[in-house]
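Colleague: Structure file protein-v7.csv (CSV, C-alpha atoms) is given on the next line.
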chain,number,residue,atom,x,y,z
A,1,MET,CA,57.6,57.2,55.5
A,2,PHE,CA,58.1,56.8,59.2
A,3,GLU,CA,59.6,54.4,61.7
A,4,THR,CA,58.2,53.5,65.1
A,5,THR,CA,59.5,52.7,68.5
A,6,ILE,CA,57.9,50.4,71.1
A,7,LEU,CA,56.3,52.3,74.0
A,8,SER,CA,56.9,50.8,77.4
A,9,VAL,CA,53.9,52.1,79.3
A,10,ILE,CA,51.3,50.8,81.7
A,11,ALA,CA,47.6,50.9,82.7
A,12,LEU,CA,45.6,50.3,85.9
A,13,CYS,CA,45.3,46.6,86.8
A,14,ALA,CA,42.1,45.8,88.7
A,15,GLY,CA,40.6,42.5,87.5
A,16,PHE,CA,40.1,43.5,83.8
A,17,SER,CA,40.7,47.0,82.5
A,18,GLN,CA,41.2,48.7,79.1
A,19,THR,CA,42.5,52.1,78.3
A,20,GLU,CA,43.1,53.8,74.9
A,21,THR,CA,45.0,57.0,74.1
A,22,LYS,CA,44.9,58.7,70.7
A,23,LEU,CA,48.2,60.0,69.4
A,24,ASN,CA,49.7,62.4,66.9
A,25,LEU,CA,53.0,61.6,65.2
A,26,TYR,CA,55.5,64.2,64.1
A,27,SER,CA,58.8,64.1,62.2
A,28,GLY,CA,60.6,67.3,63.3
A,29,ASP,CA,58.0,70.0,63.1
A,30,ASN,CA,55.9,68.2,60.5
A,31,ALA,CA,52.8,66.1,61.1
A,32,ALA,CA,53.6,62.6,60.0
A,33,GLY,CA,50.6,60.5,61.0
A,34,LYS,CA,48.2,59.5,63.7
A,35,GLY,CA,47.9,56.5,66.0
A,36,THR,CA,46.4,54.9,69.0
A,37,TYR,CA,47.8,53.1,72.0
A,38,THR,CA,45.5,50.6,73.7
A,39,GLU,CA,46.3,48.4,76.7
A,40,LYS,CA,44.3,46.0,78.8
A,41,PHE,CA,44.9,43.7,81.8
A,42,ASP,CA,43.1,40.3,82.1
A,43,HIS,CA,42.1,38.6,85.3
A,44,HIS,CA,45.5,36.9,85.5
A,45,GLY,CA,47.4,40.1,85.4
A,46,ARG,CA,48.6,39.6,81.8
A,47,LYS,CA,48.9,42.9,79.9
A,48,THR,CA,48.2,43.3,76.2
A,49,SER,CA,49.3,46.5,74.6
A,50,VAL,CA,48.5,47.5,71.0
A,51,PHE,CA,50.4,50.4,69.4
A,52,ARG,CA,49.1,51.5,65.9
A,53,LEU,CA,50.5,54.2,63.7
A,54,VAL,CA,49.2,55.3,60.2
A,55,GLY,CA,51.1,57.8,57.9
A,56,SER,CA,51.5,58.5,54.3
A,57,SER,CA,54.2,59.7,51.9
A,58,GLY,CA,54.3,60.0,48.1
A,59,GLY,CA,50.8,58.5,47.8
A,60,VAL,CA,51.7,55.4,49.9
A,61,VAL,CA,49.9,54.8,53.1
A,62,ARG,CA,51.9,52.9,55.7
A,63,THR,CA,50.3,51.2,58.8
A,64,ILE,CA,52.3,49.7,61.6
A,65,THR,CA,50.5,47.7,64.3
A,66,GLN,CA,52.5,46.3,67.3
A,67,THR,CA,50.9,43.9,69.8
A,68,LYS,CA,52.8,42.8,72.8
A,69,VAL,CA,51.7,40.4,75.7
A,70,ILE,CA,53.5,40.2,79.0
A,71,ASP,CA,52.7,38.2,82.2
A,72,SER,CA,52.0,39.6,85.7
A,73,ARG,CA,55.8,39.6,86.5
A,74,ALA,CA,56.6,41.5,83.3
A,75,PHE,CA,58.1,38.5,81.4
A,76,PRO,CA,57.3,38.6,77.7
A,77,ILE,CA,54.8,36.0,76.3
A,78,SER,CA,54.4,37.0,72.7
A,79,GLU,CA,54.8,39.9,70.3
A,80,GLU,CA,53.5,40.7,66.8
A,81,GLU,CA,54.2,43.5,64.3
A,82,VAL,CA,52.3,43.9,61.1
A,83,ILE,CA,53.5,46.5,58.5
A,84,THR,CA,51.4,47.2,55.5
A,85,GLU,CA,52.0,49.6,52.6
A,86,LYS,CA,49.2,50.5,50.1
A,87,GLY,CA,49.9,52.5,47.0
A,88,PRO,CA,48.0,53.3,43.8
A,89,ARG,CA,49.2,50.1,42.2
A,90,SER,CA,50.6,47.9,44.8
A,91,LYS,CA,50.2,46.5,48.3
A,92,SER,CA,52.6,44.7,50.6
A,93,GLU,CA,52.4,43.2,54.0
A,94,LEU,CA,55.1,42.0,56.4
A,95,VAL,CA,54.1,40.0,59.5
A,96,LEU,CA,56.6,39.5,62.3
A,97,LYS,CA,55.6,37.1,65.2
A,98,VAL,CA,57.7,36.3,68.3
A,99,ARG,CA,57.1,33.6,70.9
A,100,TYR,CA,59.5,32.4,73.6
A,101,ASP,CA,60.5,28.8,74.3
A,102,ASP,CA,61.3,27.2,77.7
A,103,THR,CA,64.9,28.6,77.7
A,104,GLY,CA,63.7,32.1,77.0
A,105,ALA,CA,64.9,32.2,73.4
A,106,ALA,CA,62.9,34.3,71.0
A,107,ILE,CA,61.4,32.4,68.1
A,108,LEU,CA,60.8,34.8,65.3
A,109,ASP,CA,58.5,34.0,62.3
A,110,MET,CA,58.6,36.4,59.4
A,111,THR,CA,56.0,36.2,56.7
A,112,LYS,CA,56.1,38.3,53.5
A,113,ASP,CA,52.8,38.9,51.6
A,114,LYS,CA,51.3,35.8,53.1
A,115,VAL,CA,53.5,33.7,50.9
A,116,SER,CA,56.9,32.8,52.4
A,117,THR,CA,57.7,32.3,56.1
A,118,THR,CA,61.1,32.1,57.7
A,119,THR,CA,61.8,31.1,61.3
A,120,ARG,CA,64.9,31.8,63.4
A,121,SER,CA,65.7,31.5,67.1
A,122,TYR,CA,67.6,34.1,69.1
A,123,VAL,CA,69.2,33.4,72.5
A,124,PRO,CA,68.8,36.2,75.1
A,125,LEU,CA,71.8,38.2,76.3
A,126,PRO,CA,73.4,36.5,79.4
A,127,GLY,CA,73.3,38.3,82.7
A,128,TYR,CA,70.1,40.3,82.1
A,129,SER,CA,66.6,39.7,83.2
A,130,ARG,CA,64.0,39.3,80.4
A,131,ALA,CA,61.4,40.9,82.7
A,132,ASP,CA,61.2,44.6,82.3
A,133,LEU,CA,59.6,45.7,85.5
A,134,SER,CA,59.3,49.3,84.3
A,135,ASP,CA,56.3,47.9,82.3
A,136,LEU,CA,54.5,47.7,85.6
A,137,TRP,CA,55.3,51.2,86.9
A,138,PHE,CA,52.3,53.2,88.0
A,139,SER,CA,50.0,50.1,87.9
A,140,LYS,CA,51.5,47.5,90.3
A,141,ILE,CA,54.7,49.5,91.2
A,142,ARG,CA,55.1,53.1,92.2
A,143,PRO,CA,58.8,53.8,91.5
A,144,THR,CA,60.7,56.4,93.6
A,145,VAL,CA,62.7,59.1,91.8
A,146,GLY,CA,65.9,57.6,90.5
A,147,THR,CA,64.7,54.0,90.3
A,148,THR,CA,66.4,52.2,87.5
A,149,VAL,CA,65.5,48.9,85.8
A,150,ARG,CA,68.0,47.0,83.7
A,151,SER,CA,66.8,44.2,81.4
A,152,THR,CA,67.1,42.7,77.9
A,153,VAL,CA,64.2,43.0,75.5
A,154,PHE,CA,63.8,41.5,72.0
A,155,ASP,CA,63.7,44.1,69.2
A,156,ILE,CA,61.3,42.5,66.8
A,157,GLU,CA,62.0,45.0,64.0
A,158,ASN,CA,65.7,44.5,64.0
A,159,ALA,CA,65.7,40.8,65.1
A,160,ARG,CA,68.0,41.2,68.1
A,161,TRP,CA,68.1,41.4,71.8
A,162,GLN,CA,68.6,44.9,73.3
A,163,ARG,CA,70.2,46.0,76.5
A,164,VAL,CA,67.6,48.4,78.1
A,165,GLU,CA,68.0,50.7,81.1
A,166,THR,CA,64.9,52.6,82.2
A,167,THR,CA,65.1,55.3,84.9
A,168,TYR,CA,62.2,57.2,86.6
A,169,VAL,CA,63.4,60.8,86.5
A,170,GLY,CA,60.4,62.3,88.4
A,171,LYS,CA,57.4,64.6,87.9
A,172,ARG,CA,57.4,67.6,85.8
A,173,SER,CA,55.2,70.0,83.8
A,174,ILE,CA,55.0,70.0,80.0
A,175,TYR,CA,52.8,71.7,77.4
A,176,ILE,CA,50.9,69.7,74.8
A,177,SER,CA,48.5,71.5,72.4
A,178,GLU,CA,48.8,74.6,74.7
A,179,ARG,CA,47.7,72.5,77.7
A,180,ARG,CA,49.9,72.4,80.8
A,181,LEU,CA,50.1,68.9,82.1
A,182,GLU,CA,51.7,67.2,85.1
A,183,VAL,CA,53.5,64.1,84.0
A,184,HIS,CA,56.0,61.4,85.0
A,185,GLU,CA,59.3,61.6,83.1
A,186,VAL,CA,61.0,58.3,82.2
A,187,ARG,CA,64.4,58.0,80.5
A,188,ASP,CA,64.7,54.9,78.4
A,189,VAL,CA,68.1,53.9,76.9
A,190,ARG,CA,68.2,51.0,74.4
A,191,ASP,CA,71.7,50.0,73.3
A,192,GLY,CA,72.8,53.6,73.8
A,193,ILE,CA,69.8,55.2,72.1
A,194,VAL,CA,67.9,57.5,74.4
A,195,ARG,CA,64.1,58.0,74.4
A,196,GLU,CA,62.3,60.5,76.5
A,197,VAL,CA,58.9,59.3,77.7
A,198,TYR,CA,56.3,61.2,79.6
A,199,LEU,CA,53.4,59.4,81.2
A,200,ASP,CA,50.2,60.4,83.0
A,201,ASP,CA,49.2,59.0,86.4
A,202,LYS,CA,47.7,55.9,84.7
A,203,GLY,CA,50.9,55.2,82.8
A,204,GLN,CA,49.4,56.3,79.5
A,205,PRO,CA,51.7,58.1,77.0
A,206,VAL,CA,51.5,61.8,76.8
A,207,LEU,CA,54.7,62.6,74.9
A,208,MET,CA,57.6,60.5,73.6
A,209,LYS,CA,60.7,61.7,71.8
A,210,SER,CA,63.0,59.4,69.9
A,211,GLY,CA,65.4,60.9,67.4
A,212,GLN,CA,63.6,63.1,64.9
A,213,TYR,CA,60.2,61.5,65.8
A,214,ARG,CA,57.8,62.2,68.6
A,215,THR,CA,54.3,61.2,69.5
A,216,GLU,CA,51.9,63.5,71.4
A,217,LYS,CA,48.6,62.8,73.0
A,218,HIS,CA,45.7,63.9,70.9
A,219,PHE,CA,43.1,66.1,72.6
Can you dump the structure from the file as structure tokens?
Modeller:
Amino acid sequence: MFETTILSVIALCAGFSQTETKLNLYSGDNAAGKGTYTEKFDHHGRKTSVFRLVGSSGGVVRTITQTKVIDSRAFPISEEEVITEKGPRSKSELVLKVRYDDTGAAILDMTKDKVSTTTRSYVPLPGYSRADLSDLWFSKIRPTVGTTVRSTVFDIENARWQRVETTYVGKRSIYISERRLEVHEVRDVRDGIVREVYLDDKGQPVLMKSGQYRTEKHF
């Protein structure tokens, strides 16, 4: 089994563009699955990102697909997460969908096995912007070293608003699959939990570390 985190990364925005990166997922030193990260910008500057991970444990295959849409100013429009588990004798599906009303509140619909749906509303944290401008770094915005963005983002998996602080640390060299790569280091803190994110010049994920899990670009 594995858990996922939501990547905050960006692509080139020139009319319409689409970029995909293949990923390997690890838990500690052990391979835990594979995935893809795809993002595209439409002609209005809206960005759609799709993060998909597939792993297996004990004969059960688990697939998590996250789809997020933001506008040209980095305000969230909608988000969806689909979690499926397939075993020798059973299958389950959980669908989480978020939309935002005129006040900025997150409206969460949760559907289990296409049978029952529950809906709840969550008011955003006061004093924080819902626009996470770090989502536009390296596409519309070239941050300088030390640039920090503070915002509040809805955590769809845990049904709550998070306080997020994202800092551009700077350029550095890392090794992935024995390849030396020049990347951008970004430090992302969500309610005190630190993620290390390393992006290429197009904002695509090269390496991300969060707790015992990490994703690496597949070559």
Colleague: Name the closest residue to Phe219 in chain A among the candidates A:Lys47, A:His184, A:Lys202, A:Arg179; distances are taken between atoms, counting only C-alpha atoms.
Modeller: A:Arg179
Colleague: Quick one: residues within 12 Å of Gly33 in chain A, all atoms listed in the file, excluding same-chain residues fewer than 4 positions away - as a list of chain:residue names?
Modeller: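 In the requested form, the answer reads A:Met1, A:Phe2, A:Glu3, A:Thr4, A:Lys22, A:Leu23, A:Asn24, A:Leu25, A:Tyr26, A:Ser27, A:Arg52, A:Leu53, A:Val54, A:Gly55, A:Ser56, A:Ser57, A:Val61, A:Arg62, A:Thr63, A:Ile64, A:Tyr213, A:Arg214, A:Thr215, A:Glu216, A:His218.
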Colleague: Within 12 Å of range 204-206 of chain A, counting only C-alpha atoms, which residues qualify if same-chain residues fewer than 3 places away don't, as an mmCIF file with C-alpha atoms, in the frame of the given file?
Modeller:
data_model
loop_
_atom_site.group_PDB
_atom_site.id
_atom_site.type_symbol
_atom_site.label_atom_id
_atom_site.label_comp_id
_atom_site.auth_asym_id
_atom_site.auth_seq_id
_atom_site.Cartn_x
_atom_site.Cartn_y
_atom_site.Cartn_z
ATOM 1 C CA ILE A 6 57.900 50.400 71.100
ATOM 2 C CA LEU A 7 56.300 52.300 74.000
ATOM 3 C CA SER A 8 56.900 50.800 77.400
ATOM 4 C CA VAL A 9 53.900 52.100 79.300
ATOM 5 C CA ILE A 10 51.300 50.800 81.700
ATOM 6 C CA ALA A 11 47.600 50.900 82.700
ATOM 7 C CA LEU A 12 45.600 50.300 85.900
ATOM 8 C CA GLN A 18 41.200 48.700 79.100
ATOM 9 C CA THR A 19 42.500 52.100 78.300
ATOM 10 C CA GLU A 20 43.100 53.800 74.900
ATOM 11 C CA THR A 21 45.000 57.000 74.100
ATOM 12 C CA LYS A 22 44.900 58.700 70.700
ATOM 13 C CA LEU A 23 48.200 60.000 69.400
ATOM 14 C CA ASN A 24 49.700 62.400 66.900
ATOM 15 C CA LEU A 25 53.000 61.600 65.200
ATOM 16 C CA GLY A 35 47.900 56.500 66.000
ATOM 17 C CA THR A 36 46.400 54.900 69.000
ATOM 18 C CA TYR A 37 47.800 53.100 72.000
ATOM 19 C CA THR A 38 45.500 50.600 73.700
ATOM 20 C CA GLU A 39 46.300 48.400 76.700
ATOM 21 C CA LYS A 40 44.300 46.000 78.800
ATOM 22 C CA SER A 49 49.300 46.500 74.600
ATOM 23 C CA PHE A 51 50.400 50.400 69.400
ATOM 24 C CA ASP A 135 56.300 47.900 82.300
ATOM 25 C CA LEU A 136 54.500 47.700 85.600
ATOM 26 C CA TRP A 137 55.300 51.200 86.900
ATOM 27 C CA PHE A 138 52.300 53.200 88.000
ATOM 28 C CA SER A 139 50.000 50.100 87.900
ATOM 29 C CA SER A 173 55.200 70.000 83.800
ATOM 30 C CA ILE A 174 55.000 70.000 80.000
ATOM 31 C CA TYR A 175 52.800 71.700 77.400
ATOM 32 C CA ILE A 176 50.900 69.700 74.800
ATOM 33 C CA SER A 177 48.500 71.500 72.400
ATOM 34 C CA ARG A 179 47.700 72.500 77.700
ATOM 35 C CA ARG A 180 49.900 72.400 80.800
ATOM 36 C CA LEU A 181 50.100 68.900 82.100
ATOM 37 C CA GLU A 182 51.700 67.200 85.100
ATOM 38 C CA VAL A 183 53.500 64.100 84.000
ATOM 39 C CA HIS A 184 56.000 61.400 85.000
ATOM 40 C CA GLU A 185 59.300 61.600 83.100
ATOM 41 C CA VAL A 186 61.000 58.300 82.200
ATOM 42 C CA GLU A 196 62.300 60.500 76.500
ATOM 43 C CA VAL A 197 58.900 59.300 77.700
ATOM 44 C CA TYR A 198 56.300 61.200 79.600
ATOM 45 C CA LEU A 199 53.400 59.400 81.200
ATOM 46 C CA ASP A 200 50.200 60.400 83.000
ATOM 47 C CA ASP A 201 49.200 59.000 86.400
ATOM 48 C CA LYS A 209 60.700 61.700 71.800
ATOM 49 C CA ARG A 214 57.800 62.200 68.600
ATOM 50 C CA THR A 215 54.300 61.200 69.500
ATOM 51 C CA GLU A 216 51.900 63.500 71.400
ATOM 52 C CA LYS A 217 48.600 62.800 73.000
ATOM 53 C CA HIS A 218 45.700 63.900 70.900
ATOM 54 C CA PHE A 219 43.100 66.100 72.600
#
Colleague: Would you work out the distance separating CA of Gln212 in chain A from CA of Gly146 in chain A, expressed in Å to one decimal?
Modeller: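 Straight-line distance from CA of Gln212 in chain A to CA of Gly146 in chain A works out to 26.3 Å.
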Colleague: Rounded to one decimal place, report the CA of Pro143 in chain A-CA of Ile156 in chain A distance in Å.
Modeller: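 It comes out at 27.3 Å.
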Colleague: So how many Å separate CA of Pro124 in chain A and CA of Arg190 in chain A, to one decimal?
Modeller: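 Straight-line distance from CA of Pro124 in chain A to CA of Arg190 in chain A works out to 14.8 Å.
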Colleague: Would you please work out which residue, of A:Thr152, A:Ala31, A:Gly58, A:Lys97, is nearest to Glu79 in chain A when using all atoms listed in the file?
Modeller: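 The answer is A:Lys97, which sits nearest to Glu79 in chain A.
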Colleague: Have range 152-163 of chain A completed to N, CA and C atoms, please, and pass it along as a PDB file, keeping the file's coordinate frame.
Modeller:
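Saved the output as part_21.pdb:
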ATOM      1  N   THR A 152      66.885  42.912  79.346  1.00  0.00           N
ATOM      2  CA  THR A 152      67.100  42.700  77.900  1.00  0.00           C
ATOM      3  C   THR A 152      65.768  42.414  77.270  1.00  0.00           C
ATOM      4  N   VAL A 153      65.512  43.087  76.149  1.00  0.00           N
ATOM      5  CA  VAL A 153      64.200  43.000  75.500  1.00  0.00           C
ATOM      6  C   VAL A 153      64.469  42.697  73.994  1.00  0.00           C
ATOM      7  N   PHE A 154      63.652  41.810  73.426  1.00  0.00           N
ATOM      8  CA  PHE A 154      63.800  41.500  72.000  1.00  0.00           C
ATOM      9  C   PHE A 154      63.286  42.548  71.128  1.00  0.00           C
ATOM     10  N   ASP A 155      64.117  43.035  70.215  1.00  0.00           N
ATOM     11  CA  ASP A 155      63.700  44.100  69.200  1.00  0.00           C
ATOM     12  C   ASP A 155      63.218  43.356  68.002  1.00  0.00           C
ATOM     13  N   ILE A 156      61.892  43.320  67.853  1.00  0.00           N
ATOM     14  CA  ILE A 156      61.300  42.500  66.800  1.00  0.00           C
ATOM     15  C   ILE A 156      61.611  43.103  65.404  1.00  0.00           C
ATOM     16  N   GLU A 157      61.736  44.424  65.279  1.00  0.00           N
ATOM     17  CA  GLU A 157      62.000  45.000  64.000  1.00  0.00           C
ATOM     18  C   GLU A 157      63.387  44.720  63.456  1.00  0.00           C
ATOM     19  N   ASN A 158      64.358  44.688  64.376  1.00  0.00           N
ATOM     20  CA  ASN A 158      65.700  44.500  64.000  1.00  0.00           C
ATOM     21  C   ASN A 158      66.259  43.077  64.317  1.00  0.00           C
ATOM     22  N   ALA A 159      65.362  42.228  64.830  1.00  0.00           N
ATOM     23  CA  ALA A 159      65.700  40.800  65.100  1.00  0.00           C
ATOM     24  C   ALA A 159      66.943  40.679  65.958  1.00  0.00           C
ATOM     25  N   ARG A 160      66.893  41.281  67.144  1.00  0.00           N
ATOM     26  CA  ARG A 160      68.000  41.200  68.100  1.00  0.00           C
ATOM     27  C   ARG A 160      67.580  41.522  69.471  1.00  0.00           C
ATOM     28  N   TRP A 161      68.353  41.051  70.460  1.00  0.00           N
ATOM     29  CA  TRP A 161      68.100  41.400  71.800  1.00  0.00           C
ATOM     30  C   TRP A 161      68.790  42.728  72.152  1.00  0.00           C
ATOM     31  N   GLN A 162      68.097  43.584  72.878  1.00  0.00           N
ATOM     32  CA  GLN A 162      68.600  44.900  73.300  1.00  0.00           C
ATOM     33  C   GLN A 162      68.915  44.928  74.759  1.00  0.00           C
ATOM     34  N   ARG A 163      69.925  45.704  75.113  1.00  0.00           N
ATOM     35  CA  ARG A 163      70.200  46.000  76.500  1.00  0.00           C
ATOM     36  C   ARG A 163      69.356  47.308  76.823  1.00  0.00           C
TER      37      ARG A 163
END
